[in-house]
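Listing of my_file14.txt, compact mmCIF, C-alpha atoms and all ligand atoms
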# COMPACT_ATOMS: atom_id res chain seq x y z
CA MET A 1 3.61 17.56 -20.80
CA LYS A 2 5.50 19.09 -17.96
CA LYS A 3 7.24 16.37 -16.00
CA ASP A 4 9.41 18.32 -13.61
CA LYS A 5 6.75 18.36 -10.94
CA LEU A 6 3.68 16.45 -10.03
CA HIS A 7 1.23 17.73 -12.52
CA ILE A 8 -1.94 15.77 -12.83
CA HIS A 9 -3.65 16.43 -16.11
CA TRP A 10 -7.36 16.28 -16.15
CA TYR A 11 -9.88 17.41 -18.66
CA PRO A 12 -13.12 18.98 -17.47
CA GLY A 13 -14.98 17.26 -20.32
CA HIS A 14 -13.78 13.82 -19.27
CA ILE A 15 -14.58 14.48 -15.63
CA ALA A 16 -18.10 15.62 -16.48
CA LYS A 17 -18.65 12.53 -18.61
CA ALA A 18 -17.31 10.22 -15.91
CA GLU A 19 -19.51 11.88 -13.31
CA ARG A 20 -22.56 11.43 -15.51
CA ALA A 21 -21.77 7.72 -15.93
CA LEU A 22 -21.33 7.38 -12.19
CA LYS A 23 -24.59 9.20 -11.41
CA GLU A 24 -26.44 6.97 -13.85
CA LYS A 25 -25.32 3.89 -11.94
CA LEU A 26 -26.01 5.45 -8.55
CA ASN A 27 -29.58 6.21 -9.62
CA LEU A 28 -30.24 2.52 -10.17
CA VAL A 29 -29.34 1.21 -6.74
CA ASP A 30 -30.52 1.04 -3.14
CA VAL A 31 -27.07 0.68 -1.58
CA VAL A 32 -23.57 1.82 -2.57
CA ILE A 33 -20.37 -0.04 -1.72
CA GLU A 34 -17.53 2.48 -1.78
CA VAL A 35 -14.09 0.88 -2.03
CA LEU A 36 -11.14 2.69 -0.45
CA ASP A 37 -7.43 1.85 -0.36
CA ALA A 38 -6.44 0.91 3.20
CA ARG A 39 -3.07 2.62 2.69
CA LEU A 40 -4.99 5.89 2.20
CA PRO A 41 -8.11 5.55 4.34
CA MET A 42 -9.07 9.21 3.86
CA SER A 43 -7.24 10.31 0.73
CA SER A 44 -8.82 7.55 -1.36
CA SER A 45 -12.35 8.61 -0.44
CA TYR A 46 -14.49 10.81 -2.60
CA ASN A 47 -15.18 14.26 -1.22
CA ASP A 48 -18.35 14.73 -3.22
CA ILE A 49 -19.93 11.39 -2.42
CA LYS A 50 -22.48 12.83 0.02
CA LYS A 51 -23.67 15.29 -2.61
CA LEU A 52 -23.98 12.51 -5.17
CA LEU A 53 -25.68 10.03 -2.89
CA GLY A 54 -28.01 12.19 -0.85
CA ASP A 55 -29.32 9.89 1.83
CA LYS A 56 -28.61 6.68 -0.07
CA PRO A 57 -26.95 4.22 2.33
CA ARG A 58 -23.29 3.33 1.85
CA LEU A 59 -20.97 0.57 3.02
CA LEU A 60 -17.27 1.45 3.05
CA LEU A 61 -14.66 -1.21 2.33
CA LEU A 62 -11.04 -0.49 3.22
CA ASN A 63 -9.51 -2.84 0.67
CA LYS A 64 -5.90 -4.09 0.38
CA SER A 65 -5.82 -4.41 4.15
CA ASP A 66 -3.10 -7.05 3.64
CA LEU A 67 -0.77 -4.13 2.83
CA VAL A 68 -1.19 -2.36 6.20
CA GLU A 69 -0.87 -3.19 9.91
CA LYS A 70 -4.11 -4.67 11.23
CA ASP A 71 -4.02 -2.77 14.51
CA GLU A 72 -3.27 0.55 12.85
CA LEU A 73 -6.18 0.04 10.49
CA LYS A 74 -8.58 -0.66 13.37
CA SER A 75 -8.25 2.94 14.59
CA TRP A 76 -9.12 4.16 11.09
CA VAL A 77 -12.16 1.89 10.83
CA LYS A 78 -13.43 3.34 14.09
CA LEU A 79 -12.71 6.94 13.09
CA ILE A 80 -14.35 6.64 9.66
CA GLU A 81 -17.39 4.94 11.15
CA GLU A 82 -17.74 7.79 13.63
CA GLN A 83 -17.26 10.51 11.04
CA THR A 84 -19.42 9.11 8.24
CA GLY A 85 -22.02 7.20 10.23
CA CYS A 86 -21.55 4.40 7.68
CA PRO A 87 -20.50 0.81 8.40
CA VAL A 88 -16.82 0.21 7.54
CA LEU A 89 -15.08 -3.13 6.92
CA ALA A 90 -11.38 -3.85 6.44
CA VAL A 91 -11.06 -6.36 3.60
CA ASP A 92 -8.60 -7.81 1.14
CA THR A 93 -9.38 -9.68 -2.02
CA LYS A 94 -6.59 -12.21 -1.55
CA SER A 95 -8.32 -13.99 1.36
CA PHE A 96 -11.87 -12.63 1.08
CA LYS A 97 -13.48 -13.75 4.32
CA CYS A 98 -15.97 -10.91 4.60
CA MET A 99 -18.60 -12.09 2.12
CA PRO A 100 -21.24 -13.04 4.75
CA GLN A 101 -20.68 -9.75 6.57
CA ILE A 102 -21.02 -7.70 3.39
CA GLU A 103 -24.23 -9.50 2.45
CA LYS A 104 -25.67 -8.97 5.90
CA ILE A 105 -24.83 -5.25 5.99
CA VAL A 106 -26.08 -4.60 2.45
CA GLN A 107 -29.35 -6.24 3.26
CA LYS A 108 -29.76 -4.29 6.46
CA LEU A 109 -28.93 -0.99 4.71
CA SER A 110 -31.36 -1.65 1.88
CA GLU A 111 -34.27 -2.77 4.04
CA PRO A 112 -35.80 0.68 4.76
CA ARG A 113 -35.92 1.43 1.02
CA ILE A 114 -37.44 -1.95 0.20
CA GLN A 115 -39.98 -1.49 2.99
CA ALA A 116 -40.90 1.98 1.70
CA MET A 117 -41.46 0.48 -1.74
CA MET A 118 -43.64 -2.26 -0.35
CA ALA A 119 -45.63 0.31 1.60
CA LYS A 120 -46.54 1.80 -1.79
CA GLY A 121 -47.95 -1.56 -2.84
CA LEU A 122 -44.97 -2.87 -4.81
CA LEU A 123 -43.70 -6.42 -4.44
CA ARG A 124 -40.51 -7.17 -2.53
CA ARG A 125 -37.48 -7.36 -4.78
CA PRO A 126 -33.76 -7.99 -4.19
CA ALA A 127 -31.69 -5.03 -3.03
CA ARG A 128 -29.74 -3.35 -5.85
CA VAL A 129 -26.09 -2.57 -5.25
CA VAL A 130 -23.18 -0.94 -7.07
CA VAL A 131 -19.47 -0.92 -6.24
CA VAL A 132 -17.77 2.47 -6.68
CA GLY A 133 -14.30 3.88 -6.08
CA LEU A 134 -11.24 5.54 -7.54
CA PRO A 135 -9.14 3.72 -10.16
CA ASN A 136 -7.07 0.77 -8.89
CA VAL A 137 -8.61 0.50 -5.41
CA GLY A 138 -9.82 -3.02 -6.21
CA LYS A 139 -13.41 -2.55 -7.43
CA SER A 140 -13.22 -5.23 -10.14
CA SER A 141 -11.50 -7.68 -7.79
CA ILE A 142 -14.28 -7.17 -5.25
CA ILE A 143 -17.03 -7.59 -7.86
CA ASN A 144 -15.34 -10.82 -8.96
CA LYS A 145 -15.28 -12.12 -5.40
CA LEU A 146 -18.89 -11.13 -4.75
CA THR A 147 -20.13 -12.79 -7.94
CA ARG A 148 -17.84 -15.82 -7.87
CA SER A 149 -20.28 -18.29 -6.41
CA THR A 150 -22.96 -17.37 -8.90
CA LYS A 151 -23.01 -16.70 -12.57
CA THR A 152 -26.68 -15.80 -12.68
CA LYS A 153 -27.02 -12.76 -14.86
CA VAL A 154 -30.43 -11.30 -14.24
CA GLY A 155 -30.24 -9.07 -17.28
CA ALA A 156 -31.21 -5.51 -17.91
CA LYS A 157 -34.10 -4.19 -15.85
CA ALA A 158 -37.14 -2.71 -17.50
CA GLY A 159 -36.69 0.99 -17.95
CA VAL A 160 -32.93 0.74 -17.96
CA THR A 161 -31.74 1.78 -21.38
CA ARG A 162 -28.02 1.17 -21.10
CA GLN A 163 -26.69 -2.35 -21.04
CA GLN A 164 -26.21 -2.53 -17.28
CA GLN A 165 -25.89 -6.15 -16.23
CA TRP A 166 -27.04 -7.35 -12.85
CA VAL A 167 -25.79 -10.45 -11.10
CA ARG A 168 -27.85 -12.07 -8.36
CA ILE A 169 -25.25 -12.75 -5.67
CA ASN A 170 -27.87 -14.21 -3.33
CA PRO A 171 -31.68 -14.34 -3.44
CA ASN A 172 -31.82 -10.91 -1.78
CA ILE A 173 -29.06 -8.98 -3.56
CA ASP A 174 -28.51 -7.94 -7.18
CA LEU A 175 -25.12 -6.41 -7.98
CA LEU A 176 -24.26 -4.29 -11.01
CA ASP A 177 -21.50 -6.23 -12.75
CA THR A 178 -19.43 -3.15 -13.62
CA PRO A 179 -18.17 -0.64 -11.07
CA GLY A 180 -18.85 3.06 -10.89
CA ILE A 181 -15.54 4.79 -11.45
CA ILE A 182 -14.98 7.88 -9.38
CA PRO A 183 -13.11 10.42 -11.50
CA MET A 184 -9.87 11.77 -10.10
CA LYS A 185 -9.96 15.52 -9.71
CA GLN A 186 -7.01 17.75 -9.15
CA GLU A 187 -8.49 19.40 -6.13
CA ASP A 188 -5.75 18.87 -3.61
CA GLN A 189 -2.08 18.38 -4.49
CA MET A 190 -1.27 16.34 -1.39
CA LYS A 191 -4.15 14.01 -2.08
CA ALA A 192 -3.11 13.73 -5.75
CA LYS A 193 0.43 12.79 -4.70
CA LYS A 194 -0.77 10.12 -2.34
CA LEU A 195 -3.07 8.69 -4.99
CA ALA A 196 -0.09 8.52 -7.34
CA PHE A 197 1.77 6.43 -4.71
CA VAL A 198 -0.92 3.75 -4.84
CA ASN A 199 -1.32 3.92 -8.62
CA SER A 200 -4.73 5.56 -8.66
CA VAL A 201 -3.45 8.25 -11.00
CA SER A 202 -2.40 7.47 -14.58
CA GLU A 203 1.37 7.15 -14.75
CA ASN A 204 1.51 9.44 -17.79
CA ALA A 205 0.42 12.28 -15.60
CA TYR A 206 3.57 12.62 -13.54
CA SER A 207 7.28 11.95 -13.33
CA THR A 208 8.05 8.76 -11.42
CA GLU A 209 11.19 10.32 -10.01
CA ILE A 210 9.26 13.17 -8.44
CA VAL A 211 6.62 10.85 -7.03
CA ALA A 212 9.24 8.46 -5.60
CA LYS A 213 10.99 11.41 -3.98
CA GLU A 214 7.70 12.58 -2.48
CA LEU A 215 7.10 9.06 -1.16
CA LEU A 216 10.50 9.03 0.54
CA ASP A 217 9.78 12.47 2.01
CA ILE A 218 6.45 11.34 3.42
CA VAL A 219 7.73 8.11 4.98
CA SER A 220 10.72 10.00 6.42
CA VAL A 221 8.35 11.85 8.75
CA ASN A 222 7.40 8.58 10.45
CA GLU A 223 10.37 7.05 12.25
CA LYS A 224 9.10 3.48 12.10
CA TYR A 225 8.22 3.73 8.41
CA ALA A 226 11.54 5.41 7.57
CA GLN A 227 13.42 2.61 9.31
CA ALA A 228 11.54 -0.02 7.32
CA PHE A 229 12.63 1.68 4.09
CA LYS A 230 16.23 2.04 5.31
CA ASP A 231 16.36 -1.61 6.32
CA PHE A 232 14.88 -2.77 3.04
CA TYR A 233 17.33 -0.79 0.90
CA LYS A 234 20.23 -1.08 3.37
CA VAL A 235 20.91 2.66 3.39
CA ASP A 236 21.31 5.11 6.26
CA GLU A 237 19.73 8.01 4.43
CA LEU A 238 16.54 7.94 2.38
CA THR A 239 17.34 9.48 -0.97
CA ILE A 240 16.91 8.04 -4.43
CA GLU A 241 20.61 8.67 -5.09
CA LYS A 242 21.74 6.69 -2.05
CA ILE A 243 19.46 3.81 -2.88
CA ALA A 244 20.60 3.77 -6.51
CA LEU A 245 24.26 3.75 -5.48
CA LYS A 246 23.67 0.97 -2.96
CA ARG A 247 22.03 -1.13 -5.67
CA ASN A 248 24.79 -0.22 -8.07
CA TRP A 249 22.39 1.32 -10.52
CA ILE A 250 24.76 3.61 -12.30
CA LYS A 251 24.17 5.60 -15.43
CA LYS A 252 27.14 6.17 -17.70
CA GLY A 253 27.37 9.52 -19.39
CA LYS A 254 29.91 11.70 -21.09
CA ILE A 255 31.18 15.06 -19.99
CA GLN A 256 32.76 17.43 -22.47
CA LEU A 257 35.91 18.86 -20.91
CA GLU A 258 38.51 21.14 -22.48
CA GLU A 259 40.94 18.22 -22.62
CA GLY A 260 38.39 16.05 -24.35
CA VAL A 261 35.46 13.78 -23.54
CA GLN A 262 35.44 12.09 -20.17
CA SER A 263 33.13 9.36 -18.93
CA SER A 264 30.88 10.19 -16.02
CA PHE A 265 29.07 7.88 -13.64
CA GLU A 266 25.91 8.92 -11.89
CA PRO A 267 23.24 7.15 -9.88
CA ASP A 268 20.46 6.05 -12.24
CA THR A 269 17.71 7.82 -10.34
CA GLU A 270 15.03 7.20 -12.94
CA ARG A 271 15.47 3.43 -12.89
CA CYS A 272 15.73 3.51 -9.11
CA ALA A 273 12.51 5.53 -8.79
CA HIS A 274 10.58 2.92 -10.79
CA TYR A 275 11.86 0.15 -8.52
CA ILE A 276 11.00 2.06 -5.36
CA MET A 277 7.44 2.62 -6.55
CA LYS A 278 7.08 -1.02 -7.57
CA ASP A 279 8.52 -2.33 -4.28
CA PHE A 280 6.21 -0.04 -2.35
CA ARG A 281 3.09 -0.91 -4.37
CA ASP A 282 3.82 -4.63 -4.12
CA GLY A 283 4.06 -4.33 -0.33
CA LYS A 284 7.66 -5.59 -0.33
CA ILE A 285 9.12 -2.82 1.84
CA GLY A 286 6.62 -3.11 4.64
CA LYS A 287 3.15 -2.10 5.75
CA PHE A 288 2.32 1.58 5.56
CA ILE A 289 -0.70 3.81 6.04
CA LEU A 290 0.18 7.11 4.42
CA ASP A 291 -2.59 9.30 5.81
CA ASN A 292 -1.90 10.68 9.26
CA ILE A 293 -4.77 9.89 11.60
CA GLU A 294 -4.03 12.95 13.75
CA ASP A 295 -4.90 15.18 10.75
CA TYR A 296 -8.42 13.79 10.70
CA LYS A 297 -9.35 13.68 14.36
CA ILE A 298 -11.75 16.46 15.24
N1 LIG B 301 -2.41 -6.48 -2.18
C1 LIG B 301 -3.65 -6.40 -2.67
N2 LIG B 301 -3.84 -6.10 -3.97
C2 LIG B 301 -5.11 -6.03 -4.44
C3 LIG B 301 -6.23 -6.26 -3.60
N3 LIG B 301 -7.35 -6.08 -4.33
C4 LIG B 301 -6.94 -5.77 -5.58
N4 LIG B 301 -5.60 -5.74 -5.66
C5 LIG B 301 -4.77 -5.41 -6.83
O1 LIG B 301 -4.98 -4.04 -7.16
C6 LIG B 301 -4.96 -3.85 -8.56
C7 LIG B 301 -6.22 -3.17 -9.01
O2 LIG B 301 -7.32 -4.03 -8.79
P1 LIG B 301 -8.70 -3.85 -9.62
O3 LIG B 301 -9.68 -4.77 -9.02
O4 LIG B 301 -8.45 -3.96 -11.07
O5 LIG B 301 -9.05 -2.34 -9.26
P2 LIG B 301 -10.13 -1.36 -9.92
O6 LIG B 301 -9.37 -0.48 -10.86
O7 LIG B 301 -10.67 -0.55 -8.78
O8 LIG B 301 -11.18 -2.19 -10.58
C8 LIG B 301 -4.76 -5.25 -9.18
O9 LIG B 301 -3.39 -5.41 -9.46
C9 LIG B 301 -5.21 -6.18 -8.07
O10 LIG B 301 -4.55 -7.42 -8.14
C10 LIG B 301 -5.99 -6.58 -2.22
O11 LIG B 301 -6.89 -6.78 -1.41
N5 LIG B 301 -4.68 -6.63 -1.82
MG MG B 302 -11.59 -2.28 -12.69
Give the structure from this file in structure tokens form.
Amino acid sequence: MKKDKLHIHWYPGHIAKAERALKEKLNLVDVVIEVLDARLPMSSSYNDIKKLLGDKPRLLLLNKSDLVEKDELKSWVKLIEEQTGCPVLAVDTKSFKCMPQIEKIVQKLSEPRIQAMMAKGLLRRPARVVVVGLPNVGKSSIINKLTRSTKTKVGAKAGVTRQQQWVRINPNIDLLDTPGIIPMKQEDQMKAKKLAFVNSVSENAYSTEIVAKELLDIVSVNEKYAQAFKDFYKVDELTIEKIALKRNWIKKGKIQLEEGVQSSFEPDTERCAHYIMKDFRDGKIGKFILDNIEDYKI
């Protein structure tokens, strides 16, 4: 595989299969909870979701909000609410205080569909919900939180052939216990890069050095963000080489000269790149939103 540039490998067959699995889950529910990464409020959303959902109601959760500035995120919540017409909540699964709000919103969103069913003479039943999102945005963590207080498996529904398990999270809501995984498509290189920053793209698909360099390039555009990186690594210029030298991560090599072999010392950029990505993903460097809100204002 080519590793000299960001090159996300994807296989049309796998994508088609993943989309079928996702559609199957979507068909079963009244309401969809789409999980986004708060560090990428727009880039971690799914372009095709409207097409997949039709008019099915959706609640958006900007998860990992502990990794971004609260006030900065507020502007995004407002913008996304305006642009999608969907309710949006900033959440994090470390302190999960939003459970009552989520339950209230899901119930409100599902009510028209339940009412329509009852108008046809069917009995009231709990709203059916699925959690969907790109890899690593926190779908499983959210399902765990939502189902923590109950272990009531309600079992497969009649007519559902696959072994989809439902969990009754309160008397009015049944949640599918496995998430719908949104397949990553290589539709937009910038978006793909950003998703690599937050680990939503398989690490085999790219070179960590290239991605770390792209991350430094992107934060360099924002003065405040750049300063946070410089302060953290105690450098005055944001390059992998400078950071590696500062940390004393040196790679020993050998150069063949006419006079003989001579030792060479170079910054170990590969090792350094891995640390930068880990520090960033763990939230150690600071709080960053890597989409630019100005790009999305109409
Ligand atoms: N900082 C932070 N990390 C989170 C949060 N939610 C999930 N994670 C971490 O993100 C990673 C992916 O979470 P997971 O639930 O497996 O994501 P999934 O792939 O969408 O199911 C794990 O390492 C989680 O611990 C959050 O709110 N804040
Ligand atoms: Mg998961």
Quote the spacing between atom CA of A:Glu19 and atom CA of A:Ile181 in Å to one decimal place.
8.3 Å
Show me which residues are within 8 Å of ligand MG 302 (chain B) counting all atoms listed in the file, and format the list as a PyMOL selection string.
chain A and resi 135-136+138-141+178-179
Please indicate the distance in Å from atom CA of A:Asp37 to atom CA of A:Lys287, rounded to one decimal place.
12.8 Å
As lines of an AutoDock Vina configuration file, what would the box around stretch 110-114 of chain A look like: edges along x, y and z, 5 Å added on every side, centre and edge lengths in Å to one decimal?
center_x = -34.4
center_y = -0.7
center_z = 2.5
size_x = 16.1
size_y = 14.2
size_z = 14.6
Please identify every polymer residue within 10 Å of ligand LIG 301 (chain B), using only C-alpha atoms and all ligand atoms, and present the set as a compact mmCIF listing (two decimals) with C-alpha atoms, keeping the file's coordinate frame.
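Written file, selection-v1.txt:
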# COMPACT_ATOMS: atom_id res chain seq x y z
CA VAL A 35 -14.09 0.88 -2.03
CA LEU A 36 -11.14 2.69 -0.45
CA ASP A 37 -7.43 1.85 -0.36
CA ALA A 38 -6.44 0.91 3.20
CA LEU A 62 -11.04 -0.49 3.22
CA ASN A 63 -9.51 -2.84 0.67
CA LYS A 64 -5.90 -4.09 0.38
CA SER A 65 -5.82 -4.41 4.15
CA ASP A 66 -3.10 -7.05 3.64
CA LEU A 67 -0.77 -4.13 2.83
CA VAL A 68 -1.19 -2.36 6.20
CA ALA A 90 -11.38 -3.85 6.44
CA VAL A 91 -11.06 -6.36 3.60
CA ASP A 92 -8.60 -7.81 1.14
CA THR A 93 -9.38 -9.68 -2.02
CA LYS A 94 -6.59 -12.21 -1.55
CA SER A 95 -8.32 -13.99 1.36
CA PHE A 96 -11.87 -12.63 1.08
CA VAL A 131 -19.47 -0.92 -6.24
CA VAL A 132 -17.77 2.47 -6.68
CA GLY A 133 -14.30 3.88 -6.08
CA LEU A 134 -11.24 5.54 -7.54
CA PRO A 135 -9.14 3.72 -10.16
CA ASN A 136 -7.07 0.77 -8.89
CA VAL A 137 -8.61 0.50 -5.41
CA GLY A 138 -9.82 -3.02 -6.21
CA LYS A 139 -13.41 -2.55 -7.43
CA SER A 140 -13.22 -5.23 -10.14
CA SER A 141 -11.50 -7.68 -7.79
CA ILE A 142 -14.28 -7.17 -5.25
CA ILE A 143 -17.03 -7.59 -7.86
CA ASN A 144 -15.34 -10.82 -8.96
CA LYS A 145 -15.28 -12.12 -5.40
CA THR A 178 -19.43 -3.15 -13.62
CA PRO A 179 -18.17 -0.64 -11.07
CA GLY A 180 -18.85 3.06 -10.89
CA ILE A 181 -15.54 4.79 -11.45
CA ILE A 182 -14.98 7.88 -9.38
CA VAL A 198 -0.92 3.75 -4.84
CA ASN A 199 -1.32 3.92 -8.62
CA SER A 200 -4.73 5.56 -8.66
CA ARG A 281 3.09 -0.91 -4.37
CA ASP A 282 3.82 -4.63 -4.12
CA GLY A 283 4.06 -4.33 -0.33
Atoms are missing here; could stretch 92-120 of chain A be completed with N, CA and C atoms and written as an mmCIF file, in the frame of the given file?
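Just written: part03.cif:
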data_model
loop_
_atom_site.group_PDB
_atom_site.id
_atom_site.type_symbol
_atom_site.label_atom_id
_atom_site.label_comp_id
_atom_site.auth_asym_id
_atom_site.auth_seq_id
_atom_site.Cartn_x
_atom_site.Cartn_y
_atom_site.Cartn_z
ATOM 1 N N ASP A 92 -9.574 -7.685 2.226
ATOM 2 C CA ASP A 92 -8.600 -7.810 1.140
ATOM 3 C C ASP A 92 -9.078 -8.909 0.216
ATOM 4 N N THR A 93 -8.797 -8.753 -1.051
ATOM 5 C CA THR A 93 -9.380 -9.680 -2.020
ATOM 6 C C THR A 93 -8.542 -10.948 -2.189
ATOM 7 N N LYS A 94 -7.418 -11.004 -1.473
ATOM 8 C CA LYS A 94 -6.590 -12.210 -1.550
ATOM 9 C C LYS A 94 -7.255 -13.336 -0.747
ATOM 10 N N SER A 95 -7.599 -12.970 0.543
ATOM 11 C CA SER A 95 -8.320 -13.990 1.360
ATOM 12 C C SER A 95 -9.688 -13.398 1.503
ATOM 13 N N PHE A 96 -10.687 -13.445 0.977
ATOM 14 C CA PHE A 96 -11.870 -12.630 1.080
ATOM 15 C C PHE A 96 -12.821 -13.315 2.052
ATOM 16 N N LYS A 97 -12.671 -13.015 3.349
ATOM 17 C CA LYS A 97 -13.480 -13.750 4.320
ATOM 18 C C LYS A 97 -14.746 -12.983 4.725
ATOM 19 N N CYS A 98 -14.946 -11.830 4.108
ATOM 20 C CA CYS A 98 -15.970 -10.910 4.600
ATOM 21 C C CYS A 98 -17.298 -11.022 3.855
ATOM 22 N N MET A 99 -17.390 -11.972 2.937
ATOM 23 C CA MET A 99 -18.600 -12.090 2.120
ATOM 24 C C MET A 99 -19.895 -12.119 2.950
ATOM 25 N N PRO A 100 -19.986 -13.005 3.980
ATOM 26 C CA PRO A 100 -21.240 -13.040 4.750
ATOM 27 C C PRO A 100 -21.545 -11.709 5.418
ATOM 28 N N GLN A 101 -20.481 -11.046 5.907
ATOM 29 C CA GLN A 101 -20.680 -9.750 6.570
ATOM 30 C C GLN A 101 -21.200 -8.700 5.580
ATOM 31 N N ILE A 102 -20.602 -8.677 4.400
ATOM 32 C CA ILE A 102 -21.020 -7.700 3.390
ATOM 33 C C ILE A 102 -22.491 -7.937 3.030
ATOM 34 N N GLU A 103 -22.842 -9.193 2.822
ATOM 35 C CA GLU A 103 -24.230 -9.500 2.450
ATOM 36 C C GLU A 103 -25.205 -9.065 3.540
ATOM 37 N N LYS A 104 -24.808 -9.322 4.783
ATOM 38 C CA LYS A 104 -25.670 -8.970 5.900
ATOM 39 C C LYS A 104 -25.862 -7.449 5.990
ATOM 40 N N ILE A 105 -24.769 -6.718 5.870
ATOM 41 C CA ILE A 105 -24.830 -5.250 5.990
ATOM 42 C C ILE A 105 -25.629 -4.647 4.836
ATOM 43 N N VAL A 106 -25.369 -5.138 3.619
ATOM 44 C CA VAL A 106 -26.080 -4.600 2.450
ATOM 45 C C VAL A 106 -27.585 -4.802 2.620
ATOM 46 N N GLN A 107 -27.929 -5.972 3.099
ATOM 47 C CA GLN A 107 -29.350 -6.240 3.260
ATOM 48 C C GLN A 107 -29.987 -5.347 4.305
ATOM 49 N N LYS A 108 -29.262 -5.149 5.385
ATOM 50 C CA LYS A 108 -29.760 -4.290 6.460
ATOM 51 C C LYS A 108 -29.900 -2.836 5.961
ATOM 52 N N LEU A 109 -28.903 -2.375 5.213
ATOM 53 C CA LEU A 109 -28.930 -0.990 4.710
ATOM 54 C C LEU A 109 -30.055 -0.776 3.706
ATOM 55 N N SER A 110 -30.371 -1.815 2.945
ATOM 56 C CA SER A 110 -31.360 -1.650 1.880
ATOM 57 C C SER A 110 -32.794 -1.775 2.409
ATOM 58 N N GLU A 111 -32.936 -2.407 3.569
ATOM 59 C CA GLU A 111 -34.270 -2.770 4.040
ATOM 60 C C GLU A 111 -35.253 -1.587 4.134
ATOM 61 N N PRO A 112 -34.834 -0.436 4.684
ATOM 62 C CA PRO A 112 -35.800 0.680 4.760
ATOM 63 C C PRO A 112 -36.335 1.089 3.384
ATOM 64 N N ARG A 113 -35.475 1.049 2.372
ATOM 65 C CA ARG A 113 -35.920 1.430 1.020
ATOM 66 C C ARG A 113 -36.875 0.397 0.436
ATOM 67 N N ILE A 114 -36.566 -0.873 0.695
ATOM 68 C CA ILE A 114 -37.440 -1.950 0.200
ATOM 69 C C ILE A 114 -38.801 -1.861 0.913
ATOM 70 N N GLN A 115 -38.738 -1.613 2.213
ATOM 71 C CA GLN A 115 -39.980 -1.490 2.990
ATOM 72 C C GLN A 115 -40.824 -0.321 2.482
ATOM 73 N N ALA A 116 -40.174 0.805 2.190
ATOM 74 C CA ALA A 116 -40.900 1.980 1.700
ATOM 75 C C ALA A 116 -41.587 1.669 0.378
ATOM 76 N N MET A 117 -40.891 0.886 -0.457
ATOM 77 C CA MET A 117 -41.460 0.480 -1.740
ATOM 78 C C MET A 117 -42.688 -0.385 -1.545
ATOM 79 N N MET A 118 -42.534 -1.338 -0.600
ATOM 80 C CA MET A 118 -43.640 -2.260 -0.350
ATOM 81 C C MET A 118 -44.842 -1.525 0.246
ATOM 82 N N ALA A 119 -44.539 -0.480 1.021
ATOM 83 C CA ALA A 119 -45.630 0.310 1.600
ATOM 84 C C ALA A 119 -46.450 0.989 0.510
ATOM 85 N N LYS A 120 -45.801 1.202 -0.659
ATOM 86 C CA LYS A 120 -46.540 1.800 -1.790
ATOM 87 C C LYS A 120 -47.262 0.748 -2.613
#
